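**Student:** Please find my_file_38.pdb (PDB, C-alpha atoms, pLDDT in the B column) on the next line:
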```
MODEL        1
ATOM      1  CA  MET A  27     -14.861  -2.889 -45.392  1.00 52.00           C
ATOM      2  CA  LEU A  28     -15.045  -6.681 -45.601  1.00 48.00           C
ATOM      3  CA  ARG A  29     -11.438  -7.001 -44.448  1.00 55.00           C
ATOM      4  CA  THR A  30     -12.199  -4.835 -41.377  1.00 47.00           C
ATOM      5  CA  LEU A  31     -15.221  -6.980 -40.547  1.00 40.00           C
ATOM      6  CA  PHE A  32     -13.149 -10.184 -40.710  1.00 44.00           C
ATOM      7  CA  ALA A  33     -10.426  -8.626 -38.544  1.00 45.00           C
ATOM      8  CA  ALA A  34     -12.995  -7.587 -35.917  1.00 42.00           C
ATOM      9  CA  LEU A  35     -14.553 -11.065 -35.900  1.00 39.00           C
ATOM     10  CA  ALA A  36     -11.109 -12.647 -35.500  1.00 44.00           C
ATOM     11  CA  LEU A  37     -10.382 -10.397 -32.508  1.00 39.00           C
ATOM     12  CA  LEU A  38     -13.712 -11.244 -30.881  1.00 38.00           C
ATOM     13  CA  ALA A  39     -13.148 -14.962 -31.392  1.00 42.00           C
ATOM     14  CA  ALA A  40      -9.677 -14.758 -29.827  1.00 39.00           C
ATOM     15  CA  ALA A  41     -10.764 -12.706 -26.786  1.00 36.00           C
ATOM     16  CA  PRO A  42     -12.123 -15.618 -24.713  1.00 36.00           C
ATOM     17  CA  LEU A  43      -8.936 -17.597 -25.387  1.00 31.00           C
ATOM     18  CA  ALA A  44      -6.750 -14.792 -24.087  1.00 29.00           C
ATOM     19  CA  HIS A  45      -8.804 -14.628 -20.873  1.00 30.00           C
ATOM     20  CA  ALA A  46      -8.690 -18.392 -20.344  1.00 30.00           C
ATOM     21  CA  GLN A  47      -4.892 -18.371 -20.382  1.00 29.00           C
ATOM     22  CA  HIS A  48      -4.863 -16.572 -17.024  1.00 37.00           C
ATOM     23  CA  ALA A  49      -7.041 -19.218 -15.409  1.00 47.00           C
ATOM     24  CA  GLU A  50      -5.976 -22.591 -14.098  1.00 50.00           C
ATOM     25  CA  ILE A  51      -7.433 -26.048 -14.620  1.00 50.00           C
ATOM     26  CA  ALA A  52      -6.357 -28.202 -11.693  1.00 52.00           C
ATOM     27  CA  ALA A  53      -6.195 -31.986 -11.638  1.00 51.00           C
ATOM     28  CA  GLY A  54      -9.686 -33.376 -11.121  1.00 50.00           C
ATOM     29  CA  GLU A  55     -11.356 -30.083 -12.082  1.00 53.00           C
ATOM     30  CA  THR A  56     -13.658 -29.758 -15.076  1.00 49.00           C
ATOM     31  CA  HIS A  57     -13.135 -26.062 -15.792  1.00 54.00           C
ATOM     32  CA  ALA A  58     -10.637 -23.260 -15.269  1.00 63.00           C
ATOM     33  CA  HIS A  59     -10.779 -20.909 -12.291  1.00 69.00           C
ATOM     34  CA  VAL A  60      -9.774 -17.265 -12.219  1.00 77.00           C
ATOM     35  CA  ALA A  61      -8.366 -16.367  -8.792  1.00 84.00           C
ATOM     36  CA  PRO A  62      -9.675 -12.952  -7.655  1.00 88.00           C
ATOM     37  CA  HIS A  63      -6.991 -12.628  -4.957  1.00 87.00           C
ATOM     38  CA  GLY A  64      -4.084 -14.050  -6.974  1.00 86.00           C
ATOM     39  CA  GLY A  65      -4.118 -17.483  -5.329  1.00 88.00           C
ATOM     40  CA  VAL A  66      -5.086 -21.024  -6.269  1.00 90.00           C
ATOM     41  CA  VAL A  67      -8.783 -21.922  -6.651  1.00 90.00           C
ATOM     42  CA  ARG A  68     -10.423 -25.327  -6.171  1.00 92.00           C
ATOM     43  CA  SER A  69     -14.061 -26.385  -6.495  1.00 89.00           C
ATOM     44  CA  ALA A  70     -16.049 -26.885  -3.290  1.00 85.00           C
ATOM     45  CA  SER A  71     -19.553 -27.278  -4.680  1.00 83.00           C
ATOM     46  CA  PRO A  72     -21.587 -25.093  -4.621  1.00 87.00           C
ATOM     47  CA  TYR A  73     -18.657 -22.826  -3.761  1.00 91.00           C
ATOM     48  CA  HIS A  74     -15.024 -22.380  -4.735  1.00 91.00           C
ATOM     49  CA  LEU A  75     -12.175 -21.971  -2.253  1.00 93.00           C
ATOM     50  CA  GLU A  76      -9.156 -19.784  -3.011  1.00 93.00           C
ATOM     51  CA  LEU A  77      -5.847 -20.276  -1.203  1.00 94.00           C
ATOM     52  CA  VAL A  78      -3.402 -17.376  -1.073  1.00 93.00           C
ATOM     53  CA  ALA A  79      -0.088 -18.623   0.334  1.00 92.00           C
ATOM     54  CA  GLN A  80       2.203 -16.228   2.188  1.00 90.00           C
ATOM     55  CA  PRO A  81       5.489 -17.073   3.943  1.00 89.00           C
ATOM     56  CA  THR A  82       3.928 -17.061   7.440  1.00 93.00           C
ATOM     57  CA  GLU A  83       0.270 -17.887   6.808  1.00 95.00           C
ATOM     58  CA  LEU A  84      -2.307 -19.308   4.451  1.00 96.00           C
ATOM     59  CA  ALA A  85      -5.365 -17.201   3.618  1.00 95.00           C
ATOM     60  CA  PHE A  86      -8.596 -18.832   2.402  1.00 95.00           C
ATOM     61  CA  TYR A  87     -11.438 -17.060   0.592  1.00 94.00           C
ATOM     62  CA  LEU A  88     -14.775 -18.837   0.171  1.00 93.00           C
ATOM     63  CA  LEU A  89     -16.085 -17.720  -3.218  1.00 92.00           C
ATOM     64  CA  GLY A  90     -19.683 -17.661  -4.334  1.00 89.00           C
ATOM     65  CA  ALA A  91     -21.451 -16.496  -7.459  1.00 79.00           C
ATOM     66  CA  LYS A  92     -19.280 -14.573  -9.920  1.00 83.00           C
ATOM     67  CA  MET A  93     -16.226 -15.553  -7.811  1.00 86.00           C
ATOM     68  CA  SER A  94     -17.025 -12.925  -5.158  1.00 86.00           C
ATOM     69  CA  ALA A  95     -15.853 -13.507  -1.594  1.00 87.00           C
ATOM     70  CA  VAL A  96     -18.489 -14.850   0.799  1.00 92.00           C
ATOM     71  CA  PRO A  97     -18.550 -13.068   4.210  1.00 94.00           C
ATOM     72  CA  ASN A  98     -16.716 -15.169   6.812  1.00 94.00           C
ATOM     73  CA  LYS A  99     -19.115 -14.517   9.707  1.00 95.00           C
ATOM     74  CA  GLY A 100     -19.984 -17.818  11.418  1.00 95.00           C
ATOM     75  CA  MET A 101     -17.301 -19.847   9.615  1.00 95.00           C
ATOM     76  CA  SER A 102     -14.802 -22.137  11.329  1.00 96.00           C
ATOM     77  CA  GLY A 103     -12.403 -24.882  10.392  1.00 96.00           C
ATOM     78  CA  SER A 104      -8.861 -26.153  10.261  1.00 97.00           C
ATOM     79  CA  VAL A 105      -6.113 -27.011   7.788  1.00 97.00           C
ATOM     80  CA  LEU A 106      -4.055 -30.198   7.740  1.00 97.00           C
ATOM     81  CA  VAL A 107      -0.720 -29.043   6.333  1.00 96.00           C
ATOM     82  CA  GLN A 108       1.929 -31.360   4.915  1.00 96.00           C
ATOM     83  CA  LEU A 109       5.313 -29.648   4.913  1.00 94.00           C
ATOM     84  CA  THR A 110       8.118 -30.249   2.422  1.00 93.00           C
ATOM     85  CA  THR A 111       9.829 -32.264   5.180  1.00 93.00           C
ATOM     86  CA  ASN A 112       6.779 -34.621   5.032  1.00 93.00           C
ATOM     87  CA  ALA A 113       5.826 -33.642   8.590  1.00 94.00           C
ATOM     88  CA  THR A 114       2.152 -32.777   9.105  1.00 96.00           C
ATOM     89  CA  VAL A 115       0.535 -30.234  11.378  1.00 96.00           C
ATOM     90  CA  THR A 116      -3.096 -29.242  11.907  1.00 97.00           C
ATOM     91  CA  VAL A 117      -3.633 -25.497  12.126  1.00 97.00           C
ATOM     92  CA  PRO A 118      -6.920 -23.830  13.168  1.00 98.00           C
ATOM     93  CA  LEU A 119      -8.522 -21.269  10.883  1.00 97.00           C
ATOM     94  CA  ALA A 120      -9.110 -17.795  12.311  1.00 97.00           C
ATOM     95  CA  LEU A 121     -11.460 -15.141  10.944  1.00 96.00           C
ATOM     96  CA  ALA A 122      -9.571 -12.335   9.202  1.00 94.00           C
ATOM     97  CA  GLY A 123     -11.148  -9.157   7.944  1.00 90.00           C
ATOM     98  CA  ASP A 124     -14.730  -9.810   6.904  1.00 92.00           C
ATOM     99  CA  ASP A 125     -14.145 -12.078   3.925  1.00 92.00           C
ATOM    100  CA  HIS A 126     -11.446 -14.657   4.616  1.00 94.00           C
ATOM    101  CA  LEU A 127      -9.838 -16.976   7.150  1.00 96.00           C
ATOM    102  CA  THR A 128      -6.160 -17.479   7.914  1.00 96.00           C
ATOM    103  CA  ALA A 129      -3.991 -20.281   9.238  1.00 97.00           C
ATOM    104  CA  LYS A 130      -0.700 -19.272  10.892  1.00 96.00           C
ATOM    105  CA  LEU A 131       2.182 -21.477   9.753  1.00 95.00           C
ATOM    106  CA  PRO A 132       4.989 -22.738  11.992  1.00 92.00           C
ATOM    107  CA  ALA A 133       8.195 -20.703  11.680  1.00 91.00           C
ATOM    108  CA  GLY A 134      10.129 -21.582   8.526  1.00 90.00           C
ATOM    109  CA  ALA A 135       7.423 -23.945   7.250  1.00 91.00           C
ATOM    110  CA  LYS A 136       7.294 -24.698   3.544  1.00 93.00           C
ATOM    111  CA  VAL A 137       3.908 -26.113   2.564  1.00 94.00           C
ATOM    112  CA  ARG A 138       3.530 -28.971   0.075  1.00 94.00           C
ATOM    113  CA  THR A 139      -0.151 -29.886   0.604  1.00 95.00           C
ATOM    114  CA  ALA A 140      -3.043 -28.233   2.444  1.00 96.00           C
ATOM    115  CA  ILE A 141      -6.317 -30.017   3.198  1.00 97.00           C
ATOM    116  CA  VAL A 142      -8.931 -27.542   4.384  1.00 97.00           C
ATOM    117  CA  THR A 143     -12.003 -28.488   6.407  1.00 96.00           C
ATOM    118  CA  LEU A 144     -14.364 -25.519   6.485  1.00 95.00           C
ATOM    119  CA  ASN A 145     -17.745 -25.173   8.183  1.00 94.00           C
ATOM    120  CA  THR A 146     -19.744 -22.435   6.484  1.00 91.00           C
ATOM    121  CA  ALA A 147     -22.236 -20.124   8.137  1.00 89.00           C
ATOM    122  CA  ASP A 148     -25.090 -21.912   6.332  1.00 87.00           C
ATOM    123  CA  GLY A 149     -24.132 -25.260   7.906  1.00 89.00           C
ATOM    124  CA  LYS A 150     -22.239 -26.814   4.988  1.00 88.00           C
ATOM    125  CA  ALA A 151     -19.031 -28.753   5.685  1.00 93.00           C
ATOM    126  CA  LEU A 152     -16.456 -28.474   2.885  1.00 92.00           C
ATOM    127  CA  THR A 153     -13.190 -30.349   2.452  1.00 95.00           C
ATOM    128  CA  VAL A 154     -10.789 -29.087  -0.208  1.00 94.00           C
ATOM    129  CA  ARG A 155      -7.274 -30.290  -1.072  1.00 95.00           C
ATOM    130  CA  PHE A 156      -4.496 -28.108  -2.494  1.00 94.00           C
ATOM    131  CA  ASP A 157      -1.513 -30.148  -3.771  1.00 92.00           C
ATOM    132  CA  LYS A 158       1.998 -29.352  -4.976  1.00 90.00           C
ATOM    133  CA  LEU A 159       2.024 -25.896  -3.416  1.00 90.00           C
ATOM    134  CA  ASP A 160       5.819 -26.041  -3.145  1.00 87.00           C
ATOM    135  CA  GLU A 161       6.194 -26.669  -6.893  1.00 80.00           C
ATOM    136  CA  ALA A 162       3.607 -25.068  -9.138  1.00 54.00           C
ATOM    137  CA  HIS A 163       2.807 -22.002  -7.060  1.00 43.00           C
ATOM    138  CA  GLY A 164       5.903 -21.264  -5.026  1.00 39.00           C
ATOM    139  CA  HIS A 165       6.256 -17.944  -6.814  1.00 39.00           C
ATOM    140  CA  LYS A 166       2.889 -16.784  -5.446  1.00 40.00           C
ATOM    141  CA  ALA A 167       4.144 -16.855  -1.857  1.00 39.00           C
ATOM    142  CA  VAL A 168       6.396 -13.882  -2.556  1.00 43.00           C
ATOM    143  CA  GLY A 169       3.425 -11.544  -2.419  1.00 53.00           C
ATOM    144  CA  ALA A 170       1.024  -9.770  -4.651  1.00 59.00           C
ATOM    145  CA  ALA A 171       2.092  -6.920  -6.898  1.00 74.00           C
ATOM    146  CA  PHE A 172      -1.374  -5.345  -7.273  1.00 77.00           C
ATOM    147  CA  ALA A 173      -3.884  -4.158  -4.654  1.00 79.00           C
ATOM    148  CA  CYS A 174      -7.187  -2.327  -4.411  1.00 82.00           C
ATOM    149  CA  PRO A 175      -6.766   1.321  -3.377  1.00 83.00           C
ATOM    150  CA  MET A 176      -9.939   1.101  -1.236  1.00 83.00           C
ATOM    151  CA  HIS A 177      -9.437  -2.439   0.142  1.00 78.00           C
ATOM    152  CA  PRO A 178      -5.676  -3.014   0.664  1.00 75.00           C
ATOM    153  CA  GLU A 179      -6.343  -6.575   1.873  1.00 73.00           C
ATOM    154  CA  VAL A 180      -7.475  -7.429  -1.685  1.00 76.00           C
ATOM    155  CA  ALA A 181      -4.283  -8.254  -3.538  1.00 76.00           C
ATOM    156  CA  ALA A 182      -3.320 -10.131  -6.688  1.00 76.00           C
ATOM    157  CA  THR A 183      -0.284 -11.046  -8.728  1.00 74.00           C
ATOM    158  CA  ALA A 184      -1.830  -9.610 -11.911  1.00 74.00           C
ATOM    159  CA  PRO A 185      -3.991  -6.598 -12.811  1.00 79.00           C
ATOM    160  CA  GLY A 186      -7.720  -7.041 -12.342  1.00 80.00           C
ATOM    161  CA  LYS A 187     -10.748  -5.676 -10.496  1.00 83.00           C
ATOM    162  CA  CYS A 188     -11.504  -5.658  -6.779  1.00 81.00           C
ATOM    163  CA  PRO A 189     -14.222  -8.230  -6.004  1.00 80.00           C
ATOM    164  CA  LYS A 190     -15.574  -5.932  -3.271  1.00 81.00           C
ATOM    165  CA  CYS A 191     -15.938  -2.594  -5.061  1.00 86.00           C
ATOM    166  CA  GLY A 192     -15.054  -3.224  -8.705  1.00 86.00           C
ATOM    167  CA  MET A 193     -12.176  -0.716  -8.789  1.00 86.00           C
ATOM    168  CA  ALA A 194      -9.098  -1.546 -10.834  1.00 86.00           C
ATOM    169  CA  LEU A 195      -6.231  -3.051  -8.854  1.00 82.00           C
ATOM    170  CA  VAL A 196      -3.167  -0.787  -8.895  1.00 84.00           C
ATOM    171  CA  LYS A 197       0.484  -1.763  -8.947  1.00 80.00           C
ATOM    172  CA  LYS A 198       2.170  -1.602  -5.542  1.00 74.00           C
ATOM    173  CA  SER A 199       5.181   0.664  -5.317  1.00 64.00           C
TER     174      SER A 199
ENDMDL
END
```
What does this structure look like when you write it as structure tokens?
**Tutor:**
Amino acid sequence: MLRTLFAALALLAAAPLAHAQHAEIAAGETHAHVAPHGGVVRSASPYHLELVAQPTELAFYLLGAKMSAVPNKGMSGSVLVQLTTNATVTVPLALAGDDHLTAKLPAGAKVRTAIVTLNTADGKALTVRFDKLDEAHGHKAVGAAFACPMHPEVAATAPGKCPKCGMALVKKS
């Protein structure tokens, strides 16, 4: 009985550590961020901004309480992109779906750094920098392996729950 109690307590104590391993603490950040869409998350107080890099575009999700996507209605902005060739280009953000914005990349572009300037619907101006995208997160550009059956635009590289409806993400075939 006592041995079972100690084993259960050990499992409970280890559970938060297992969850934290899937989160990322970026340079200059004070805590780890779990990325609901399988991207890279940075603080943008009082929000967070998640970047999901694809070969032809960058998708940005403004995240609010409990890391849920904030509706994109009324948002605008641009992204200053530094390519791996050290060339820079400014790309406008376009509304996509109802919860994110996208920036179309030049053909064949490989992104090293992205500096996002975002104007929110509530009048806040946010500037967020994503560095070393060609190194640490190049594998994420390949695409997500899991998606929500009800919201196919919600994708991730690992199992999880849809931030829109709470359903479990399923493995793509």
**Student:** Just want the 9 Å neighbourhood of region 111-115 of chain A, counted on all atoms listed in the file, with same-chain residues fewer than 2 positions away dropped. Output as an NGL selection string.
**Tutor:** :A and (105-109 or 117 or 132 or 135-138)
**Student:** Between CA of Thr153 (chain A) and CA of Ala182 (chain A), measure the distance and give it in Å to one decimal.
**Tutor:**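 These atoms are spaced 24.3 Å apart.
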**Student:** Can you tell me, as a list in words, what residues are no more than 7 Å from Asn145 (chain A) when counting all atoms listed in the file, ignoring any on the same chain fewer than 6 positions away?
**Tutor:**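 My list of contacting residues is Met101, Ser102, Gly103, Ala151 and Leu152 of chain A.
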**Student:** Using the chain letters and numbering of this document, enumerate as a ChimeraX atom specification the residues selected by the PyMOL selection byres ((chain A and resi 171) around 6).
**Tutor:** /A:170,172,183,197-198
**Student:** Using Å and a single decimal, report how far CA of Gly100 (chain A) sits from CA of Ala181 (chain A).
**Tutor:**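 A separation of 23.7 Å between them.
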